[in-house]
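Shown below: model_24.cif, with mmCIF, C-alpha atoms.
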```
data_entry
loop_
_atom_site.group_PDB
_atom_site.id
_atom_site.type_symbol
_atom_site.label_atom_id
_atom_site.label_comp_id
_atom_site.auth_asym_id
_atom_site.auth_seq_id
_atom_site.Cartn_x
_atom_site.Cartn_y
_atom_site.Cartn_z
ATOM 1 C CA MET A 1 16.238 12.400 -28.280
ATOM 2 C CA THR A 2 14.805 9.415 -30.159
ATOM 3 C CA SER A 3 17.455 7.128 -28.680
ATOM 4 C CA SER A 4 16.684 8.394 -25.172
ATOM 5 C CA ARG A 5 12.960 7.811 -25.613
ATOM 6 C CA SER A 6 13.618 4.351 -27.019
ATOM 7 C CA SER A 7 15.807 3.519 -24.022
ATOM 8 C CA ARG A 8 13.144 4.690 -21.568
ATOM 9 C CA PHE A 9 10.508 2.656 -23.388
ATOM 10 C CA SER A 10 12.752 -0.422 -23.247
ATOM 11 C CA ASP A 11 13.266 0.036 -19.505
ATOM 12 C CA TRP A 12 9.545 0.351 -18.801
ATOM 13 C CA PHE A 13 8.787 -2.590 -21.071
ATOM 14 C CA LEU A 14 11.391 -4.701 -19.259
ATOM 15 C CA LEU A 15 9.891 -3.893 -15.861
ATOM 16 C CA ALA A 16 6.332 -4.508 -17.044
ATOM 17 C CA TRP A 17 7.348 -7.831 -18.578
ATOM 18 C CA LEU A 18 9.224 -8.809 -15.415
ATOM 19 C CA GLY A 19 6.157 -8.028 -13.342
ATOM 20 C CA LEU A 20 3.834 -9.979 -15.601
ATOM 21 C CA VAL A 21 6.129 -13.006 -15.612
ATOM 22 C CA LEU A 22 6.906 -12.997 -11.890
ATOM 23 C CA PHE A 23 3.646 -11.935 -10.292
ATOM 24 C CA LEU A 24 0.562 -12.569 -12.402
ATOM 25 C CA PRO A 25 1.090 -16.340 -12.928
ATOM 26 C CA ARG A 26 1.161 -16.688 -9.140
ATOM 27 C CA THR A 27 -2.403 -15.431 -8.918
ATOM 28 C CA TRP A 28 -3.583 -18.900 -10.001
ATOM 29 C CA GLU A 29 -1.858 -20.710 -7.134
ATOM 30 C CA GLY A 30 -4.328 -22.544 -4.917
ATOM 31 C CA SER A 31 -2.709 -22.568 -1.471
ATOM 32 C CA ALA A 32 -3.048 -19.723 1.019
ATOM 33 C CA SER A 33 -2.048 -18.992 4.599
ATOM 34 C CA SER A 34 -4.607 -18.809 7.385
ATOM 35 C CA ASP A 35 -4.361 -15.012 7.435
ATOM 36 C CA ALA A 36 -4.862 -14.805 3.677
ATOM 37 C CA LEU A 37 -7.887 -17.087 3.888
ATOM 38 C CA ARG A 38 -9.446 -14.813 6.506
ATOM 39 C CA TYR A 39 -8.922 -11.761 4.338
ATOM 40 C CA MET A 40 -10.335 -13.516 1.289
ATOM 41 C CA GLU A 41 -13.389 -14.596 3.263
ATOM 42 C CA ALA A 42 -13.959 -11.064 4.562
ATOM 43 C CA ALA A 43 -13.867 -9.766 0.991
ATOM 44 C CA ARG A 44 -16.213 -12.525 -0.184
ATOM 45 C CA GLU A 45 -18.728 -11.745 2.555
ATOM 46 C CA MET A 46 -18.577 -8.097 1.558
ATOM 47 C CA THR A 47 -19.760 -8.994 -1.932
ATOM 48 C CA VAL A 48 -22.440 -11.377 -0.613
ATOM 49 C CA THR A 49 -23.923 -9.019 1.987
ATOM 50 C CA GLY A 50 -23.510 -5.863 -0.064
ATOM 51 C CA ASP A 51 -22.236 -4.128 3.077
ATOM 52 C CA TRP A 52 -19.100 -2.254 2.020
ATOM 53 C CA VAL A 53 -18.793 -0.319 5.276
ATOM 54 C CA THR A 54 -18.340 -3.049 7.877
ATOM 55 C CA PRO A 55 -15.957 -5.898 7.027
ATOM 56 C CA ARG A 56 -17.335 -9.201 8.310
ATOM 57 C CA LEU A 57 -15.875 -12.592 9.061
ATOM 58 C CA GLY A 58 -18.234 -15.493 9.635
ATOM 59 C CA GLY A 59 -21.095 -13.014 9.646
ATOM 60 C CA ASP A 60 -19.673 -11.036 12.577
ATOM 61 C CA PRO A 61 -18.118 -7.568 12.273
ATOM 62 C CA TYR A 62 -14.358 -7.775 11.747
ATOM 63 C CA PHE A 63 -12.751 -4.778 13.408
ATOM 64 C CA LYS A 64 -9.097 -5.796 13.321
ATOM 65 C CA LYS A 65 -8.315 -4.443 9.855
ATOM 66 C CA PRO A 66 -9.338 -1.351 7.872
ATOM 67 C CA PRO A 67 -11.429 -1.919 4.741
ATOM 68 C CA LEU A 68 -9.368 -0.850 1.717
ATOM 69 C CA PHE A 69 -7.802 -4.247 1.004
ATOM 70 C CA PHE A 70 -11.199 -5.916 1.352
ATOM 71 C CA TRP A 71 -12.753 -3.299 -0.932
ATOM 72 C CA ALA A 72 -10.156 -3.964 -3.624
ATOM 73 C CA MET A 73 -10.563 -7.746 -3.463
ATOM 74 C CA ALA A 74 -14.357 -7.497 -3.325
ATOM 75 C CA ALA A 75 -14.327 -5.270 -6.404
ATOM 76 C CA SER A 76 -12.135 -7.796 -8.212
ATOM 77 C CA VAL A 77 -14.476 -10.633 -7.220
ATOM 78 C CA SER A 78 -17.455 -8.623 -8.454
ATOM 79 C CA ILE A 79 -15.773 -8.312 -11.861
ATOM 80 C CA PHE A 80 -14.062 -11.686 -12.319
ATOM 81 C CA GLY A 81 -16.107 -13.950 -10.054
ATOM 82 C CA ASP A 82 -15.379 -15.824 -6.837
ATOM 83 C CA HIS A 83 -12.084 -17.477 -7.733
ATOM 84 C CA PRO A 84 -8.664 -17.417 -6.010
ATOM 85 C CA PHE A 85 -7.361 -15.531 -9.041
ATOM 86 C CA SER A 86 -9.731 -12.639 -8.324
ATOM 87 C CA TYR A 87 -8.364 -12.160 -4.811
ATOM 88 C CA ARG A 88 -4.687 -12.544 -5.683
ATOM 89 C CA LEU A 89 -4.958 -10.307 -8.729
ATOM 90 C CA VAL A 90 -5.100 -7.275 -6.430
ATOM 91 C CA VAL A 91 -1.723 -8.124 -4.908
ATOM 92 C CA GLY A 92 -0.209 -9.085 -8.260
ATOM 93 C CA LEU A 93 -1.154 -5.751 -9.805
ATOM 94 C CA ALA A 94 0.116 -3.930 -6.710
ATOM 95 C CA ALA A 95 3.457 -5.728 -7.083
ATOM 96 C CA LEU A 96 3.700 -4.724 -10.739
ATOM 97 C CA ALA A 97 2.796 -1.123 -9.899
ATOM 98 C CA SER A 98 5.433 -1.117 -7.142
ATOM 99 C CA LEU A 99 8.170 -1.897 -9.670
ATOM 100 C CA LEU A 100 7.085 0.814 -12.081
ATOM 101 C CA LEU A 101 6.653 3.403 -9.335
ATOM 102 C CA LEU A 102 10.003 2.558 -7.750
ATOM 103 C CA ALA A 103 11.745 2.948 -11.101
ATOM 104 C CA GLY A 104 10.184 6.384 -11.434
ATOM 105 C CA LEU A 105 11.077 7.328 -7.869
ATOM 106 C CA GLY A 106 14.703 6.299 -8.339
ATOM 107 C CA LYS A 107 14.900 8.339 -11.513
ATOM 108 C CA GLN A 108 13.462 11.393 -9.743
ATOM 109 C CA VAL A 109 15.840 11.254 -6.797
ATOM 110 C CA TRP A 110 18.964 9.936 -8.572
ATOM 111 C CA ASP A 111 18.896 8.832 -12.221
ATOM 112 C CA GLY A 112 17.184 6.415 -14.577
ATOM 113 C CA GLU A 113 19.746 3.653 -14.161
ATOM 114 C CA THR A 114 19.421 3.745 -10.378
ATOM 115 C CA GLY A 115 15.645 3.609 -10.644
ATOM 116 C CA LEU A 116 15.738 0.645 -13.006
ATOM 117 C CA LEU A 117 18.224 -1.301 -10.878
ATOM 118 C CA SER A 118 16.205 -0.580 -7.734
ATOM 119 C CA ALA A 119 13.051 -1.904 -9.360
ATOM 120 C CA LEU A 120 14.850 -4.996 -10.641
ATOM 121 C CA ALA A 121 16.275 -5.625 -7.172
ATOM 122 C CA LEU A 122 12.829 -5.381 -5.591
ATOM 123 C CA GLY A 123 11.243 -7.528 -8.289
ATOM 124 C CA THR A 124 13.709 -10.353 -7.719
ATOM 125 C CA PHE A 125 13.725 -10.092 -3.909
ATOM 126 C CA VAL A 126 12.675 -13.490 -2.537
ATOM 127 C CA LEU A 127 10.515 -12.100 0.276
ATOM 128 C CA PHE A 128 8.743 -9.739 -2.113
ATOM 129 C CA LEU A 129 8.052 -12.581 -4.533
ATOM 130 C CA ARG A 130 6.689 -14.732 -1.733
ATOM 131 C CA VAL A 131 4.253 -12.203 -0.300
ATOM 132 C CA ALA A 132 3.224 -11.071 -3.789
ATOM 133 C CA SER A 133 1.653 -14.486 -4.354
ATOM 134 C CA SER A 134 -0.524 -14.303 -1.245
ATOM 135 C CA CYS A 135 -3.477 -12.174 -0.201
ATOM 136 C CA ARG A 136 -1.574 -10.099 2.329
ATOM 137 C CA PHE A 137 -1.444 -6.382 3.016
ATOM 138 C CA SER A 138 2.326 -5.921 2.649
ATOM 139 C CA VAL A 139 2.686 -5.466 -1.111
ATOM 140 C CA PRO A 140 -0.262 -3.066 -1.590
ATOM 141 C CA LEU A 141 1.057 -1.080 1.370
ATOM 142 C CA VAL A 142 4.541 -0.877 -0.141
ATOM 143 C CA MET A 143 2.971 0.272 -3.416
ATOM 144 C CA LEU A 144 1.122 3.096 -1.650
ATOM 145 C CA HIS A 145 4.274 4.093 0.222
ATOM 146 C CA ILE A 146 6.290 4.308 -2.987
ATOM 147 C CA LEU A 147 3.480 6.240 -4.667
ATOM 148 C CA ALA A 148 3.381 8.755 -1.814
ATOM 149 C CA LEU A 149 7.145 9.310 -1.960
ATOM 150 C CA ARG A 150 7.109 9.623 -5.730
ATOM 151 C CA LEU A 151 4.446 12.324 -5.578
ATOM 152 C CA ALA A 152 6.111 14.199 -2.717
ATOM 153 C CA LEU A 153 9.574 14.236 -4.310
ATOM 154 C CA ASP A 154 8.475 15.026 -7.853
ATOM 155 C CA ARG A 155 10.766 17.611 -9.427
ATOM 156 C CA ARG A 156 7.782 19.330 -11.004
ATOM 157 C CA PRO A 157 5.377 19.629 -8.084
ATOM 158 C CA THR A 158 1.789 20.567 -8.746
ATOM 159 C CA THR A 159 -1.239 20.952 -6.538
ATOM 160 C CA ALA A 160 -2.610 17.665 -7.844
ATOM 161 C CA LYS A 161 0.601 15.828 -6.940
ATOM 162 C CA ARG A 162 0.699 17.320 -3.440
ATOM 163 C CA LEU A 163 -2.913 16.355 -2.851
ATOM 164 C CA GLY A 164 -2.119 12.948 -4.311
ATOM 165 C CA PHE A 165 0.580 12.511 -1.668
ATOM 166 C CA TRP A 166 -1.913 13.095 1.135
ATOM 167 C CA ALA A 167 -4.464 10.864 -0.586
ATOM 168 C CA ALA A 168 -1.857 8.078 -0.763
ATOM 169 C CA LEU A 169 -1.219 8.489 2.968
ATOM 170 C CA ALA A 170 -4.954 8.229 3.630
ATOM 171 C CA ALA A 171 -5.155 5.110 1.466
ATOM 172 C CA GLY A 172 -2.288 3.593 3.448
ATOM 173 C CA VAL A 173 -4.128 4.225 6.710
ATOM 174 C CA LEU A 174 -7.320 2.747 5.261
ATOM 175 C CA LEU A 175 -5.281 -0.259 4.193
ATOM 176 C CA LYS A 176 -3.207 -1.033 7.285
ATOM 177 C CA GLY A 177 -3.717 1.624 9.935
ATOM 178 C CA PRO A 178 -1.130 4.086 11.326
ATOM 179 C CA ILE A 179 1.771 2.375 9.520
ATOM 180 C CA GLY A 180 0.319 3.974 6.396
ATOM 181 C CA LEU A 181 1.868 7.250 7.588
ATOM 182 C CA LEU A 182 5.394 5.850 7.283
ATOM 183 C CA PRO A 183 6.199 7.787 4.055
ATOM 184 C CA PHE A 184 5.839 11.043 5.970
ATOM 185 C CA GLY A 185 8.485 9.856 8.414
ATOM 186 C CA VAL A 186 10.684 8.765 5.513
ATOM 187 C CA LEU A 187 10.378 12.267 4.050
ATOM 188 C CA LEU A 188 11.543 13.803 7.313
ATOM 189 C CA VAL A 189 14.576 11.501 7.368
ATOM 190 C CA TYR A 190 15.289 12.253 3.701
ATOM 191 C CA ALA A 191 15.046 16.001 4.314
ATOM 192 C CA PHE A 192 17.521 15.696 7.190
ATOM 193 C CA LEU A 193 20.038 13.473 5.392
ATOM 194 C CA ALA A 194 19.832 15.282 2.051
ATOM 195 C CA GLY A 195 19.770 18.714 3.650
ATOM 196 C CA ASP A 196 16.742 19.617 1.559
ATOM 197 C CA SER A 197 13.569 20.429 3.433
ATOM 198 C CA SER A 198 12.350 23.095 1.026
ATOM 199 C CA PHE A 199 9.322 21.075 -0.051
ATOM 200 C CA LEU A 200 8.262 20.698 3.590
ATOM 201 C CA ARG A 201 8.508 24.429 4.242
ATOM 202 C CA LYS A 202 6.302 25.438 1.341
ATOM 203 C CA LYS A 203 2.778 26.407 2.298
ATOM 204 C CA ALA A 204 1.474 24.760 -0.852
ATOM 205 C CA PHE A 205 2.581 21.387 0.525
ATOM 206 C CA TRP A 206 0.226 21.781 3.472
ATOM 207 C CA LEU A 207 -2.709 23.675 1.965
ATOM 208 C CA GLY A 208 -5.647 21.344 1.535
ATOM 209 C CA GLY A 209 -3.567 18.195 1.966
ATOM 210 C CA PRO A 210 -4.176 17.438 5.653
ATOM 211 C CA PHE A 211 -7.855 18.250 5.206
ATOM 212 C CA LEU A 212 -8.069 15.802 2.306
ATOM 213 C CA PHE A 213 -6.261 13.202 4.404
ATOM 214 C CA LEU A 214 -8.702 13.597 7.294
ATOM 215 C CA LEU A 215 -11.656 13.538 4.925
ATOM 216 C CA LEU A 216 -10.588 10.332 3.192
ATOM 217 C CA ALA A 217 -9.210 8.475 6.202
ATOM 218 C CA GLY A 218 -11.783 9.739 8.674
ATOM 219 C CA ALA A 219 -15.007 9.255 6.733
ATOM 220 C CA TRP A 220 -14.960 5.473 7.065
ATOM 221 C CA GLY A 221 -13.890 5.642 10.712
ATOM 222 C CA LEU A 222 -16.736 8.018 11.491
ATOM 223 C CA ALA A 223 -19.212 5.733 9.718
ATOM 224 C CA MET A 224 -17.949 2.759 11.737
ATOM 225 C CA TRP A 225 -18.155 4.684 14.994
ATOM 226 C CA VAL A 226 -21.721 5.788 14.257
ATOM 227 C CA ARG A 227 -22.704 2.244 13.350
ATOM 228 C CA HIS A 228 -20.836 0.251 16.009
ATOM 229 C CA GLY A 229 -19.809 2.764 18.677
ATOM 230 C CA ASP A 230 -17.290 1.721 21.307
ATOM 231 C CA ALA A 231 -17.218 -1.859 20.035
ATOM 232 C CA TRP A 232 -15.394 -0.698 16.908
ATOM 233 C CA VAL A 233 -13.057 1.597 18.851
ATOM 234 C CA GLN A 234 -12.073 -1.198 21.217
ATOM 235 C CA GLY A 235 -11.760 -3.753 18.433
ATOM 236 C CA ALA A 236 -9.670 -1.596 16.102
ATOM 237 C CA PHE A 237 -7.470 0.260 18.555
ATOM 238 C CA GLY A 238 -7.339 -2.610 21.020
ATOM 239 C CA GLU A 239 -5.630 -4.694 18.348
ATOM 240 C CA LEU A 240 -3.095 -1.925 17.810
ATOM 241 C CA ALA A 241 -2.473 -1.537 21.537
ATOM 242 C CA MET A 242 -1.981 -5.283 21.893
ATOM 243 C CA ARG A 243 0.742 -5.276 19.240
ATOM 244 C CA PHE A 244 2.685 -2.558 21.019
ATOM 245 C CA SER A 245 2.267 -4.214 24.410
ATOM 246 C CA GLN A 246 4.010 -7.387 23.247
ATOM 247 C CA PRO A 247 7.685 -8.097 24.017
ATOM 248 C CA LYS A 248 10.322 -6.194 22.084
ATOM 249 C CA LEU A 249 11.072 -9.136 19.825
ATOM 250 C CA ALA A 250 7.438 -9.397 18.787
ATOM 251 C CA LYS A 251 7.223 -5.653 18.205
ATOM 252 C CA ALA A 252 10.352 -5.758 16.077
ATOM 253 C CA HIS A 253 8.866 -8.592 14.027
ATOM 254 C CA TYR A 254 5.783 -6.458 13.353
ATOM 255 C CA PHE A 255 7.885 -3.926 11.440
ATOM 256 C CA THR A 256 10.633 -6.172 10.075
ATOM 257 C CA SER A 257 8.807 -7.680 7.103
ATOM 258 C CA LEU A 258 7.723 -4.233 5.892
ATOM 259 C CA LEU A 259 10.988 -2.387 6.501
ATOM 260 C CA ARG A 260 12.950 -5.044 4.600
ATOM 261 C CA PHE A 261 11.405 -3.664 1.430
ATOM 262 C CA TYR A 262 13.101 -0.333 2.121
#
```
Render the structure in this file as structure tokens.
Amino acid sequence: MTSSRSSRFSDWFLLAWLGLVLFLPRTWEGSASSDALRYMEAAREMTVTGDWVTPRLGGDPYFKKPPLFFWAMAASVSIFGDHPFSYRLVVGLAALASLLLLAGLGKQVWDGETGLLSALALGTFVLFLRVASSCRFSVPLVMLHILALRLALDRRPTTAKRLGFWAALAAGVLLKGPIGLLPFGVLLVYAFLAGDSSFLRKKAFWLGGPFLFLLLAGAWGLAMWVRHGDAWVQGAFGELAMRFSQPKLAKAHYFTSLLRFY
């Protein structure tokens, strides 16, 4: 028993150390892409204006992205000050959490060794390392996806874990829009391939969860609609419609960078 606990501690320590070495030093890097600069500016303006409902860019409402990523960066800036480190810290911590959560998920579904190797593979994946050093949505979204799957597939399900699954889905939607629901689709595929859909058939999985999801994901949307009306609807959903109206190659590119993590 002591040896087993020592081994588990060593595994978690290895992953935590890997994350600290690979991700956190990158938070001090000075360069950023044009997209990352826009997101950083939106978060900065949120702290300056004190308006945490409507993201703004150049003083104008920014409807193209949901607010959760801006909230997280703005909170970090409020604590650590307006420095590139404050913005990138959010992504660095999300990358570290992704490794730890993936190790736990692999252990739940298969075994501890599989979980550890999966986390090590993700942590040394070149694309993951690259986006983890920039203020982009991808890594926090992957973290929320892994969290949702870990809660849904837990071998000792509880009401709190089931509600946590729906809360993670809501957070994903507040972070990046409808793609935040991807873990639910992954669960359906898993249930089909593994021949185990028992957790989906249980009433406890559905009781309260969808309501919590609508409450968390819908509250901000309702506030934006009340404040900005059709302008927000057209800005937010028009962006989504534009992505799906692009050629097939462009649409494939929209999902490729995220699905590579899976």
Exercise for the section: Would you mind telling me which residue in A:Gly123, A:Pro178, A:Pro55, A:Pro84 lies nearest to Leu68 of chain A when using all atoms listed in the file? Expected result: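 The closest residue to Leu68 of chain A is A:Pro55.
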Practice task
Find the residue from A:Ala148, A:Val131, A:Leu122, A:Val226 that sits nearest to Ala103 of chain A; use all atoms listed in the file when measuring.
Solution key: A:Leu122
Problem - Near-Ser76 of chain A list (9 Å; all atoms listed in the file; drop same-chain fewer than 3 positions) as a list of chain:residue names - result: A:Trp71, A:Ala72, A:Met73, A:Ile79, A:Phe80, A:Gly81, A:Asp82, A:Ser86, A:Tyr87, A:Leu89, A:Val90
Practice task
Return as a list in words the set of residues that the PyMOL selection byres ((chain A and resi 40) around 8) yields on the displayed structure.
Solution key: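 Listing what the PyMOL selection byres ((chain A and resi 40) around 8) selects in the shown file: Ala36, Leu37, Arg38, Tyr39, Glu41, Ala42, Ala43, Arg44, Phe70, Met73, Tyr87 and Cys135 of chain A.
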Those residues with C-alpha atoms, as a PDB file, keeping the file's coordinate frame please?
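Written output follows (again_2.pdb):
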```pdb
ATOM      1  CA  ALA A  36      -4.862 -14.805   3.677  1.00  0.00           C
ATOM      2  CA  LEU A  37      -7.887 -17.087   3.888  1.00  0.00           C
ATOM      3  CA  ARG A  38      -9.446 -14.813   6.506  1.00  0.00           C
ATOM      4  CA  TYR A  39      -8.922 -11.761   4.338  1.00  0.00           C
ATOM      5  CA  GLU A  41     -13.389 -14.596   3.263  1.00  0.00           C
ATOM      6  CA  ALA A  42     -13.959 -11.064   4.562  1.00  0.00           C
ATOM      7  CA  ALA A  43     -13.867  -9.766   0.991  1.00  0.00           C
ATOM      8  CA  ARG A  44     -16.213 -12.525  -0.184  1.00  0.00           C
ATOM      9  CA  PHE A  70     -11.199  -5.916   1.352  1.00  0.00           C
ATOM     10  CA  MET A  73     -10.563  -7.746  -3.463  1.00  0.00           C
ATOM     11  CA  TYR A  87      -8.364 -12.160  -4.811  1.00  0.00           C
ATOM     12  CA  CYS A 135      -3.477 -12.174  -0.201  1.00  0.00           C
TER      13      CYS A 135
END
```
Handout entry: Counting all atoms listed in the file, the residue of A:Leu215, A:Leu182, A:Leu207, A:Ala75 that sits nearest Gly50 of chain A
Key =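 Looking at the shortest contact to Gly50 of chain A, the residue is A:Ala75.
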Assuming the input is short of atoms at segment 165-176 of chain A, produce N, CA and C atoms for that part as an mmCIF file, in the coordinates of the input.
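Everything below was put into selection.cif:
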```cif
data_model
loop_
_atom_site.group_PDB
_atom_site.id
_atom_site.type_symbol
_atom_site.label_atom_id
_atom_site.label_comp_id
_atom_site.auth_asym_id
_atom_site.auth_seq_id
_atom_site.Cartn_x
_atom_site.Cartn_y
_atom_site.Cartn_z
ATOM 1 N N PHE A 165 -0.250 13.021 -2.762
ATOM 2 C CA PHE A 165 0.580 12.511 -1.668
ATOM 3 C C PHE A 165 -0.264 12.269 -0.421
ATOM 4 N N TRP A 166 -1.076 13.243 -0.055
ATOM 5 C CA TRP A 166 -1.913 13.095 1.135
ATOM 6 C C TRP A 166 -2.984 12.027 0.930
ATOM 7 N N ALA A 167 -3.483 11.913 -0.296
ATOM 8 C CA ALA A 167 -4.464 10.864 -0.586
ATOM 9 C C ALA A 167 -3.823 9.484 -0.464
ATOM 10 N N ALA A 168 -2.563 9.355 -0.895
ATOM 11 C CA ALA A 168 -1.857 8.078 -0.763
ATOM 12 C C ALA A 168 -1.636 7.729 0.704
ATOM 13 N N LEU A 169 -1.341 8.739 1.532
ATOM 14 C CA LEU A 169 -1.219 8.489 2.968
ATOM 15 C C LEU A 169 -2.544 8.000 3.544
ATOM 16 N N ALA A 170 -3.636 8.639 3.141
ATOM 17 C CA ALA A 170 -4.954 8.229 3.630
ATOM 18 C C ALA A 170 -5.270 6.804 3.192
ATOM 19 N N ALA A 171 -4.923 6.472 1.948
ATOM 20 C CA ALA A 171 -5.155 5.110 1.466
ATOM 21 C C ALA A 171 -4.342 4.108 2.270
ATOM 22 N N GLY A 172 -3.110 4.478 2.631
ATOM 23 C CA GLY A 172 -2.288 3.593 3.448
ATOM 24 C C GLY A 172 -2.902 3.341 4.812
ATOM 25 N N VAL A 173 -3.467 4.380 5.407
ATOM 26 C CA VAL A 173 -4.128 4.225 6.710
ATOM 27 C C VAL A 173 -5.374 3.362 6.569
ATOM 28 N N LEU A 174 -6.127 3.565 5.496
ATOM 29 C CA LEU A 174 -7.320 2.747 5.261
ATOM 30 C C LEU A 174 -6.964 1.306 4.916
ATOM 31 N N LEU A 175 -5.720 1.093 4.521
ATOM 32 C CA LEU A 175 -5.281 -0.259 4.193
ATOM 33 C C LEU A 175 -4.753 -1.000 5.412
ATOM 34 N N LYS A 176 -3.918 -0.312 6.223
ATOM 35 C CA LYS A 176 -3.207 -1.033 7.285
ATOM 36 C C LYS A 176 -3.129 -0.272 8.594
#
```
